$ cat final.cif   # mmCIF, C-alpha atoms
data_coords
loop_
_atom_site.label_atom_id
_atom_site.label_comp_id
_atom_site.auth_asym_id
_atom_site.auth_seq_id
_atom_site.Cartn_x
_atom_site.Cartn_y
_atom_site.Cartn_z
CA MET A 21 164.73 107.21 141.73
CA SER A 22 165.12 110.84 142.80
CA THR A 23 162.07 112.99 143.36
CA PRO A 24 161.43 115.18 140.31
CA LEU A 25 161.79 118.91 140.78
CA LEU A 26 158.54 120.77 141.34
CA SER A 27 157.96 124.36 140.34
CA VAL A 28 155.57 126.69 142.16
CA VAL A 29 154.45 129.70 140.12
CA VAL A 30 152.91 132.73 141.83
CA PRO A 31 151.59 135.51 139.56
CA ALA A 32 151.66 138.82 141.41
CA TYR A 33 150.45 142.32 140.62
CA ASN A 34 150.90 145.04 143.25
CA ALA A 35 150.93 142.31 145.89
CA ALA A 36 153.33 143.88 148.38
CA ASP A 37 150.79 143.48 151.19
CA THR A 38 150.38 139.71 150.72
CA VAL A 39 153.26 138.18 148.75
CA GLY A 40 155.53 137.98 151.80
CA ALA A 41 153.11 135.76 153.73
CA CYS A 42 152.62 133.63 150.63
CA LEU A 43 156.35 133.03 150.22
CA VAL A 44 156.91 132.34 153.91
CA ALA A 45 154.18 129.69 153.70
CA LEU A 46 155.84 128.17 150.64
CA GLN A 47 159.16 128.01 152.51
CA ARG A 48 157.48 126.02 155.29
CA GLN A 49 156.24 123.18 153.11
CA THR A 50 156.72 119.64 154.40
CA TYR A 51 157.49 118.34 150.92
CA ASP A 52 160.94 116.73 151.21
CA GLY A 53 162.01 116.90 147.58
CA PRO A 54 163.49 119.83 145.66
CA TYR A 55 161.18 122.57 144.47
CA GLU A 56 161.58 126.08 143.14
CA VAL A 57 159.36 129.13 143.67
CA ILE A 58 158.87 131.53 140.77
CA VAL A 59 157.11 134.85 141.30
CA VAL A 60 155.97 136.47 138.06
CA ASP A 61 155.81 140.21 138.73
CA ASP A 62 153.08 141.26 136.31
CA GLY A 63 154.08 144.90 135.86
CA SER A 64 153.69 145.87 139.52
CA THR A 65 154.26 149.47 140.57
CA ASP A 66 154.93 148.64 144.24
CA GLU A 67 157.61 146.61 146.03
CA THR A 68 156.30 143.19 144.98
CA ALA A 69 159.42 142.17 143.03
CA ALA A 70 161.88 143.37 145.68
CA LEU A 71 160.02 141.58 148.45
CA ALA A 72 159.90 138.37 146.43
CA ARG A 73 163.63 138.47 145.73
CA ALA A 74 164.37 139.15 149.39
CA ALA A 75 162.34 136.05 150.27
CA GLY A 76 164.50 133.92 147.98
CA ALA A 77 162.08 133.44 145.09
CA THR A 78 163.10 133.55 141.45
CA VAL A 79 161.48 136.68 140.05
CA ILE A 80 160.39 137.19 136.45
CA THR A 81 159.25 140.69 135.61
CA THR A 82 156.81 141.10 132.71
CA PRO A 83 154.73 143.95 131.33
CA ARG A 84 151.19 144.06 132.70
CA GLY A 85 149.52 141.17 130.93
CA ARG A 86 146.94 139.76 133.37
CA PRO A 87 147.15 136.44 135.23
CA ALA A 88 146.97 134.15 132.17
CA ALA A 89 150.09 135.70 130.63
CA ALA A 90 151.91 135.73 133.97
CA ARG A 91 151.17 132.06 134.58
CA ASN A 92 152.31 131.15 131.07
CA SER A 93 155.57 133.02 131.60
CA GLY A 94 156.12 131.16 134.86
CA ALA A 95 155.32 127.78 133.32
CA ARG A 96 157.73 128.35 130.44
CA ALA A 97 160.50 129.31 132.86
CA ALA A 98 159.79 126.43 135.23
CA ARG A 99 162.27 123.55 135.49
CA GLY A 100 159.90 121.14 137.17
CA ALA A 101 158.02 118.33 135.49
CA ILE A 102 155.05 119.44 137.61
CA VAL A 103 154.03 123.09 137.86
CA CYS A 104 151.97 124.14 140.87
CA PHE A 105 150.08 127.41 140.97
CA THR A 106 148.81 129.56 143.78
CA ASP A 107 148.06 133.27 144.09
CA ALA A 108 149.97 136.04 145.86
CA ASP A 109 147.07 136.56 148.29
CA CYS A 110 147.13 132.90 149.34
CA ALA A 111 149.15 131.21 152.08
CA PRO A 112 149.43 127.45 151.46
CA LEU A 113 149.26 125.24 154.53
CA PRO A 114 152.45 123.24 155.26
CA GLY A 115 151.24 120.03 153.64
CA TRP A 116 149.98 121.76 150.50
CA LEU A 117 152.68 120.61 148.08
CA VAL A 118 152.58 117.02 149.36
CA GLU A 119 148.81 116.79 149.03
CA LEU A 120 148.55 118.66 145.74
CA THR A 121 151.10 116.54 143.91
CA ALA A 122 150.27 113.12 145.42
CA PRO A 123 147.60 112.22 142.80
CA LEU A 124 150.11 112.85 140.01
CA ALA A 125 151.90 109.66 140.99
CA ASP A 126 149.24 108.16 138.71
CA PRO A 127 150.58 108.86 135.19
CA THR A 128 147.04 109.05 133.76
CA ILE A 129 146.22 112.15 135.85
CA VAL A 130 147.44 115.47 134.44
CA ALA A 131 146.16 118.03 136.95
CA THR A 132 144.86 118.46 140.49
CA LYS A 133 142.73 121.06 142.26
CA GLY A 134 142.90 122.02 145.93
CA THR A 135 140.78 124.13 148.27
CA TYR A 136 140.42 127.46 150.06
CA ALA A 137 140.25 128.22 153.77
CA THR A 138 140.05 131.58 155.54
CA ARG A 139 140.30 133.08 159.02
CA GLN A 140 138.48 136.31 158.16
CA PRO A 141 135.83 137.45 160.64
CA SER A 142 133.58 139.42 158.27
CA LEU A 143 130.14 137.98 157.54
CA VAL A 144 130.60 138.22 153.77
CA ALA A 145 133.97 136.45 153.85
CA ARG A 146 132.53 133.68 156.00
CA PHE A 147 129.65 133.33 153.54
CA VAL A 148 132.12 133.10 150.65
CA GLN A 149 133.98 130.31 152.46
CA LEU A 150 130.78 128.32 152.97
CA GLU A 151 129.90 128.97 149.33
CA TYR A 152 133.18 127.32 148.31
CA GLU A 153 132.64 124.47 150.75
CA ASP A 154 129.24 123.83 149.17
CA LYS A 155 131.01 123.41 145.83
CA TYR A 156 133.69 121.21 147.39
CA ASP A 157 130.91 118.91 148.60
CA ARG A 158 129.93 118.50 144.96
CA LEU A 159 133.50 117.90 143.77
CA ARG A 160 134.16 115.35 146.50
CA THR A 161 131.71 112.89 144.95
CA GLN A 162 133.40 112.82 141.52
CA ALA A 163 136.27 110.56 140.47
CA THR A 164 137.45 113.10 137.89
CA ILE A 165 136.62 116.77 137.39
CA ASP A 166 136.54 119.28 134.55
CA PHE A 167 136.98 122.46 136.61
CA ILE A 168 140.26 123.67 138.13
CA ASP A 169 140.93 126.99 139.86
CA THR A 170 144.50 128.25 139.88
CA TYR A 171 144.54 129.39 143.50
CA SER A 172 145.51 125.81 144.39
CA CYS A 173 146.38 123.52 141.49
CA ALA A 174 149.10 121.52 139.79
CA TYR A 175 149.62 120.56 136.13
CA ARG A 176 152.04 118.34 134.32
CA ARG A 177 154.20 120.95 132.61
CA ASP A 178 154.44 119.11 129.29
CA VAL A 179 150.64 118.74 129.04
CA LEU A 180 150.12 122.38 129.97
CA LEU A 181 152.50 123.65 127.30
CA LEU A 182 151.51 121.12 124.64
CA ASN A 183 147.96 122.43 124.91
CA GLY A 184 148.84 126.10 124.58
CA GLY A 185 148.76 127.03 128.26
CA PHE A 186 146.28 129.60 129.52
CA ASP A 187 144.48 131.56 126.81
CA GLU A 188 145.79 135.08 127.32
CA ARG A 189 142.74 136.61 125.65
CA PHE A 190 140.81 135.81 128.84
CA HIS A 191 141.37 138.43 131.50
CA TYR A 192 139.39 136.34 133.98
CA LEU A 193 138.31 132.68 134.29
CA GLU A 194 141.28 131.66 132.17
CA ASP A 195 141.66 128.71 134.54
CA GLN A 196 138.13 127.53 133.81
CA GLU A 197 138.68 127.83 130.08
CA LEU A 198 141.87 125.77 130.30
CA SER A 199 140.34 123.03 132.43
CA PHE A 200 137.28 122.77 130.17
CA ARG A 201 139.64 122.55 127.19
CA LEU A 202 141.73 119.79 128.73
CA ALA A 203 138.62 117.86 129.77
CA ALA A 204 137.24 118.13 126.24
CA ARG A 205 140.49 116.63 124.97
CA GLY A 206 140.17 113.63 127.26
CA TYR A 207 142.68 114.50 130.00
CA ARG A 208 141.99 113.31 133.57
CA MET A 209 141.96 115.81 136.45
CA VAL A 210 141.11 115.23 140.11
CA PHE A 211 140.04 117.09 143.24
CA ARG A 212 142.43 117.01 146.23
CA GLU A 213 140.56 118.44 149.18
CA ALA A 214 143.54 118.34 151.56
CA ALA A 215 145.63 120.71 149.38
CA VAL A 216 144.58 123.84 151.29
CA VAL A 217 145.55 127.48 150.90
CA GLU A 218 144.34 130.27 153.17
CA HIS A 219 142.89 133.21 151.26
CA ARG A 220 141.50 136.69 151.75
CA HIS A 221 137.98 136.45 150.36
CA SER A 222 135.87 139.48 149.47
CA ALA A 223 135.06 141.02 152.84
CA THR A 224 132.39 143.54 151.82
CA LEU A 225 129.12 143.09 149.98
CA ARG A 226 130.16 145.62 147.33
CA ASP A 227 133.40 143.79 146.53
CA TYR A 228 131.63 140.44 146.51
CA LEU A 229 128.90 141.53 144.11
CA ARG A 230 131.39 143.25 141.83
CA LYS A 231 133.44 140.07 141.65
CA LYS A 232 130.38 137.97 140.89
CA ALA A 233 129.34 140.31 138.08
CA THR A 234 132.83 139.98 136.60
CA ILE A 235 132.63 136.21 136.87
CA GLY A 236 129.26 136.25 135.11
CA PHE A 237 130.64 138.33 132.24
CA TRP A 238 133.62 136.06 131.57
CA LYS A 239 131.56 132.92 132.16
CA ALA A 240 129.40 133.90 129.20
CA LEU A 241 132.53 134.05 127.03
CA VAL A 242 133.78 130.70 128.32
CA VAL A 243 130.38 129.11 127.66
CA ARG A 244 130.36 130.53 124.14
CA ARG A 245 133.44 128.41 123.50
CA PHE A 246 132.17 125.37 125.44
CA PRO A 247 128.35 125.39 125.16
CA GLY A 248 127.98 122.07 126.94
CA GLN A 249 129.37 123.58 130.13
CA ALA A 250 126.31 125.80 130.37
CA VAL A 251 124.33 122.65 131.11
CA ARG A 252 126.66 121.09 133.66
CA ASP A 253 130.20 121.15 134.98
CA SER A 254 131.79 119.40 137.94
CA HIS A 255 131.97 122.53 140.11
CA THR A 256 128.85 124.67 139.69
CA PRO A 257 125.72 123.72 141.67
CA GLN A 258 122.77 123.37 139.32
CA VAL A 259 120.58 125.34 141.73
CA MET A 260 122.70 128.43 141.09
CA LYS A 261 121.43 128.60 137.51
CA LEU A 262 117.84 128.25 138.68
CA GLN A 263 118.39 131.01 141.20
CA MET A 264 119.75 133.32 138.49
CA ALA A 265 116.61 132.75 136.42
CA LEU A 266 114.24 133.18 139.36
CA ALA A 267 115.95 136.37 140.53
CA GLY A 268 115.94 137.89 137.07
CA LEU A 269 112.30 137.02 136.39
CA GLY A 270 111.28 138.16 139.86
CA LEU A 271 112.84 141.58 139.40
CA LEU A 272 111.21 141.93 135.98
CA ALA A 273 107.82 140.99 137.43
CA LEU A 274 108.29 143.45 140.29
CA ALA A 275 109.19 146.24 137.88
CA ALA A 276 106.20 145.42 135.69
CA GLY A 277 103.89 145.41 138.70
CA VAL A 278 105.09 148.75 139.99
CA MET A 279 104.89 150.28 136.53
CA GLY A 280 101.39 148.89 136.07
CA LEU A 281 100.19 150.52 139.26
CA ILE A 282 101.83 153.82 138.32
CA ILE A 283 100.18 153.99 134.90
CA GLY A 284 96.80 152.86 136.23
CA TRP A 285 96.87 149.30 134.94
CA THR A 286 95.73 148.12 138.34
CA ALA A 287 94.71 144.53 137.56
CA GLY A 288 97.79 143.83 135.45
CA GLY A 289 100.04 145.43 138.03
CA ALA A 290 98.52 143.35 140.80
CA TRP A 291 99.01 140.14 138.83
CA ALA A 292 102.61 141.07 138.12
CA LEU A 293 103.27 141.75 141.79
CA ALA A 294 101.66 138.44 142.72
CA GLY A 295 103.97 136.76 140.22
CA ALA A 296 106.96 138.52 141.75
CA ALA A 297 105.92 137.30 145.21
CA ALA A 298 105.56 133.74 143.94
CA LEU A 299 108.98 133.85 142.32
CA ALA A 300 110.46 135.26 145.53
CA LEU A 301 108.96 132.36 147.48
CA LEU A 302 110.35 129.85 144.98
CA PHE A 303 113.76 131.50 145.28
CA LEU A 304 113.63 131.28 149.07
CA ILE A 305 112.82 127.58 148.83
CA THR A 306 115.88 126.99 146.63
CA THR A 307 118.11 128.50 149.32
CA LEU A 308 117.00 126.12 152.05
CA PRO A 309 119.58 123.35 151.37
CA PHE A 310 122.42 125.90 151.64
CA VAL A 311 120.85 127.47 154.75
CA ARG A 312 120.51 124.05 156.36
CA LYS A 313 124.14 123.20 155.61
CA ALA A 314 125.35 126.61 156.84
CA TRP A 315 123.29 126.38 160.04
CA GLY A 316 125.56 123.68 161.41
CA LYS A 317 128.69 125.74 160.72
CA ASP A 318 127.83 129.42 161.12
CA ARG A 319 124.31 130.46 162.10
CA ALA A 320 124.82 134.14 161.34
CA VAL A 321 125.78 133.24 157.78
CA ALA A 322 122.83 130.85 157.56
CA LEU A 323 120.42 133.64 158.50
CA ALA A 324 121.98 136.05 156.00
CA ALA A 325 122.32 133.45 153.26
CA PRO A 326 119.00 133.98 151.40
CA GLY A 327 119.74 137.68 150.89
CA LEU A 328 123.36 137.04 149.94
CA LEU A 329 122.36 134.27 147.54
CA PHE A 330 119.84 136.62 145.94
CA GLY A 331 122.55 139.25 145.50
CA ARG A 332 124.84 136.61 144.01
CA ALA A 333 122.16 135.48 141.57
CA VAL A 334 121.45 139.03 140.39
CA ALA A 335 125.12 139.96 140.01
CA LEU A 336 125.91 136.77 138.09
CA ALA A 337 122.86 137.21 135.86
CA VAL A 338 123.68 140.83 135.07
CA GLY A 339 127.31 139.97 134.34
CA TYR A 340 126.33 136.97 132.21
CA LEU A 341 123.85 139.05 130.22
CA ARG A 342 126.54 141.65 129.55
CA GLY A 343 128.90 138.93 128.40
CA ALA A 344 126.27 137.31 126.20
CA LEU A 345 125.54 140.68 124.54
CA ALA A 346 129.20 141.60 124.17
CA GLY A 347 129.38 140.16 120.67
CA ASN A 348 132.21 138.03 119.38
CA THR A 349 134.70 139.46 121.86
CA LEU A 350 136.92 136.40 121.75
CA PRO A 351 137.57 134.04 118.82
CA ALA A 352 135.98 130.63 119.13
CA GLN A 353 139.13 128.75 118.18
CA LEU A 354 141.11 127.03 120.89
CA PRO A 355 144.84 127.21 121.50
CA PRO A 356 146.26 124.32 119.45
CA VAL A 357 147.93 121.15 120.59
CA ALA A 358 151.64 121.50 119.81
CA THR A 359 153.58 118.78 118.01
CA ALA A 360 156.37 118.80 120.61
CA PRO A 361 156.85 120.29 124.07
CA PRO A 362 157.87 123.97 123.83
CA ASP A 363 161.30 124.85 125.25
CA PRO A 364 162.44 121.24 125.82
CA GLU A 365 165.79 122.50 127.10
CA ALA A 366 164.01 124.14 130.02
CA ARG A 367 163.18 120.66 131.31
#

$ encode --input "final.cif" --output "structure tokens"
Amino acid sequence: MSTPLLSVVVPAYNAADTVGACLVALQRQTYDGPYEVIVVDDGSTDETAALARAAGATVITTPRGRPAAARNSGARAARGAIVCFTDADCAPLPGWLVELTAPLADPTIVATKGTYATRQPSLVARFVQLEYEDKYDRLRTQATIDFIDTYSCAYRRDVLLLNGGFDERFHYLEDQELSFRLAARGYRMVFREAAVVEHRHSATLRDYLRKKATIGFWKALVVRRFPGQAVRDSHTPQVMKLQMALAGLGLLALAAGVMGLIIGWTAGGAWALAGAAALALLFLITTLPFVRKAWGKDRAVALAAPGLLFGRAVALAVGYLRGALAGNTLPAQLPPVATAPPDPEAR
């Protein structure tokens, strides 16, 4: 039996600086069957499309529609029974396609999730990598997962399209929404640690905190649709939620204490400051498992980790609060299950 065609879809917006390395890496895959590479140029104003064509990729140009729409366009155009996704700022390692698609030999599995690596020297980027590795440790223990990131993943095309694809109303975390939706409908997905892509993580504290605030905002909208995921999912460490609460309460107690001293409420202000100190100590204690794990890999990151984890907790909490107060921004209904695969002739 011949190996089925695979399709690799790369959404790209103003990615001229990175798409070339991504496509070179995709050309160097050790997978020995046929596969196509589709770059969806999401309304770029730079040379993204021209560079992709020069590298031999099939290029689809669409109006600016965000990653969910770009991925859906690529999936609809794909000829493969399996559609793999990565991002234009990623460079898959040579064995990526082999590793990513291997679990799909089991017909009961519909999707797989891979991992990030990075060579960046900045402290923040190294922290981000260890942050991901902490989550990978959690995923590694689970036979099936409910959380897939599109930087390194594969779906059965028919399942993806039958279930409405990525919800284009989500400008961010559309991959989480889709994986939660598929898990809720009983589909099996797995973690494939060896399916590695190199990535450029946030390299500055400002960029990192901004990204975390954005994640918090969209996470609130995802959780509104899937309330059970606020309690637990296969990817998010439970301690992160505790840290968000401790950081938020600690800052409120600190503000109350300072205000109390300013207005002359000395006793109340002192109690509030004592509470803030106690919450800070509790927060520090919650960081110790991460610090211990980081110490064996990167001691500079381990030493900086409590402060960076505090910043993460505050940014996520602020973003989540904004999302929770945003009102009914997105309808609660889910994309439907179709009665037949869309575009069957494209198969």

$ resolve_selection --input "final.cif" --expression "the PyMOL selection byres ((chain A and resi 29) around 12)" --output "tab-separated table (two decimals) with C-alpha atoms, in the coordinates of the input"
chain	number	residue	atom	x	y	z
A	26	LEU	CA	158.54	120.77	141.34
A	27	SER	CA	157.96	124.36	140.34
A	28	VAL	CA	155.57	126.69	142.16
A	30	VAL	CA	152.91	132.73	141.83
A	31	PRO	CA	151.59	135.51	139.56
A	32	ALA	CA	151.66	138.82	141.41
A	42	CYS	CA	152.62	133.63	150.63
A	43	LEU	CA	156.35	133.03	150.22
A	46	LEU	CA	155.84	128.17	150.64
A	55	TYR	CA	161.18	122.57	144.47
A	56	GLU	CA	161.58	126.08	143.14
A	57	VAL	CA	159.36	129.13	143.67
A	58	ILE	CA	158.87	131.53	140.77
A	59	VAL	CA	157.11	134.85	141.30
A	60	VAL	CA	155.97	136.47	138.06
A	61	ASP	CA	155.81	140.21	138.73
A	77	ALA	CA	162.08	133.44	145.09
A	78	THR	CA	163.10	133.55	141.45
A	79	VAL	CA	161.48	136.68	140.05
A	80	ILE	CA	160.39	137.19	136.45
A	87	PRO	CA	147.15	136.44	135.23
A	88	ALA	CA	146.97	134.15	132.17
A	90	ALA	CA	151.91	135.73	133.97
A	91	ARG	CA	151.17	132.06	134.58
A	92	ASN	CA	152.31	131.15	131.07
A	93	SER	CA	155.57	133.02	131.60
A	94	GLY	CA	156.12	131.16	134.86
A	95	ALA	CA	155.32	127.78	133.32
A	96	ARG	CA	157.73	128.35	130.44
A	97	ALA	CA	160.50	129.31	132.86
A	98	ALA	CA	159.79	126.43	135.23
A	99	ARG	CA	162.27	123.55	135.49
A	100	GLY	CA	159.90	121.14	137.17
A	102	ILE	CA	155.05	119.44	137.61
A	103	VAL	CA	154.03	123.09	137.86
A	104	CYS	CA	151.97	124.14	140.87
A	105	PHE	CA	150.08	127.41	140.97
A	106	THR	CA	148.81	129.56	143.78
A	107	ASP	CA	148.06	133.27	144.09
A	108	ALA	CA	149.97	136.04	145.86
A	170	THR	CA	144.50	128.25	139.88
A	171	TYR	CA	144.54	129.39	143.50
A	172	SER	CA	145.51	125.81	144.39
A	173	CYS	CA	146.38	123.52	141.49
A	174	ALA	CA	149.10	121.52	139.79
A	175	TYR	CA	149.62	120.56	136.13
A	177	ARG	CA	154.20	120.95	132.61

$ atom_distance --input "final.cif" --atom1 "atom CA of A:Phe330" --atom2 "atom CA of A:Leu304"
8.8 Å

$ resolve_selection --input "final.cif" --expression "the PyMOL selection byres ((chain A and resi 200-203) around 8)" --output "count of residues only"
17

$ atom_distance --input "final.cif" --atom1 "atom CA of A:Leu274" --atom2 "atom CA of A:Arg230"
23.2 Å

$ residues_around --input "final.cif" --residues "A:Gln140" --least-positions-apart "2" --cutoff "10 Å" --atoms "all atoms listed in the file" --output "list of chain:residue names"
A:Ala137, A:Thr138, A:Ser142, A:Leu143, A:Val144, A:Ala145, A:Arg146, A:Gln149, A:Glu218, A:His219, A:Arg220, A:His221, A:Ser222, A:Ala223

$ resolve_selection --input "final.cif" --expression "the PyMOL selection byres ((chain A and resi 322) around 10)" --output "PyMOL selection string"
chain A and resi 147+150+307-308+310-321+323-326+328

$ write_last_selection --input "final.cif" --atoms "C-alpha atoms" --output "PDB file, in the coordinates of the input"
ATOM      1  CA  PHE A 147     129.650 133.330 153.540  1.00  0.00           C
ATOM      2  CA  LEU A 150     130.780 128.320 152.970  1.00  0.00           C
ATOM      3  CA  THR A 307     118.110 128.500 149.320  1.00  0.00           C
ATOM      4  CA  LEU A 308     117.000 126.120 152.050  1.00  0.00           C
ATOM      5  CA  PHE A 310     122.420 125.900 151.640  1.00  0.00           C
ATOM      6  CA  VAL A 311     120.850 127.470 154.750  1.00  0.00           C
ATOM      7  CA  ARG A 312     120.510 124.050 156.360  1.00  0.00           C
ATOM      8  CA  LYS A 313     124.140 123.200 155.610  1.00  0.00           C
ATOM      9  CA  ALA A 314     125.350 126.610 156.840  1.00  0.00           C
ATOM     10  CA  TRP A 315     123.290 126.380 160.040  1.00  0.00           C
ATOM     11  CA  GLY A 316     125.560 123.680 161.410  1.00  0.00           C
ATOM     12  CA  LYS A 317     128.690 125.740 160.720  1.00  0.00           C
ATOM     13  CA  ASP A 318     127.830 129.420 161.120  1.00  0.00           C
ATOM     14  CA  ARG A 319     124.310 130.460 162.100  1.00  0.00           C
ATOM     15  CA  ALA A 320     124.820 134.140 161.340  1.00  0.00           C
ATOM     16  CA  VAL A 321     125.780 133.240 157.780  1.00  0.00           C
ATOM     17  CA  LEU A 323     120.420 133.640 158.500  1.00  0.00           C
ATOM     18  CA  ALA A 324     121.980 136.050 156.000  1.00  0.00           C
ATOM     19  CA  ALA A 325     122.320 133.450 153.260  1.00  0.00           C
ATOM     20  CA  PRO A 326     119.000 133.980 151.400  1.00  0.00           C
ATOM     21  CA  LEU A 328     123.360 137.040 149.940  1.00  0.00           C
TER      22      LEU A 328
END
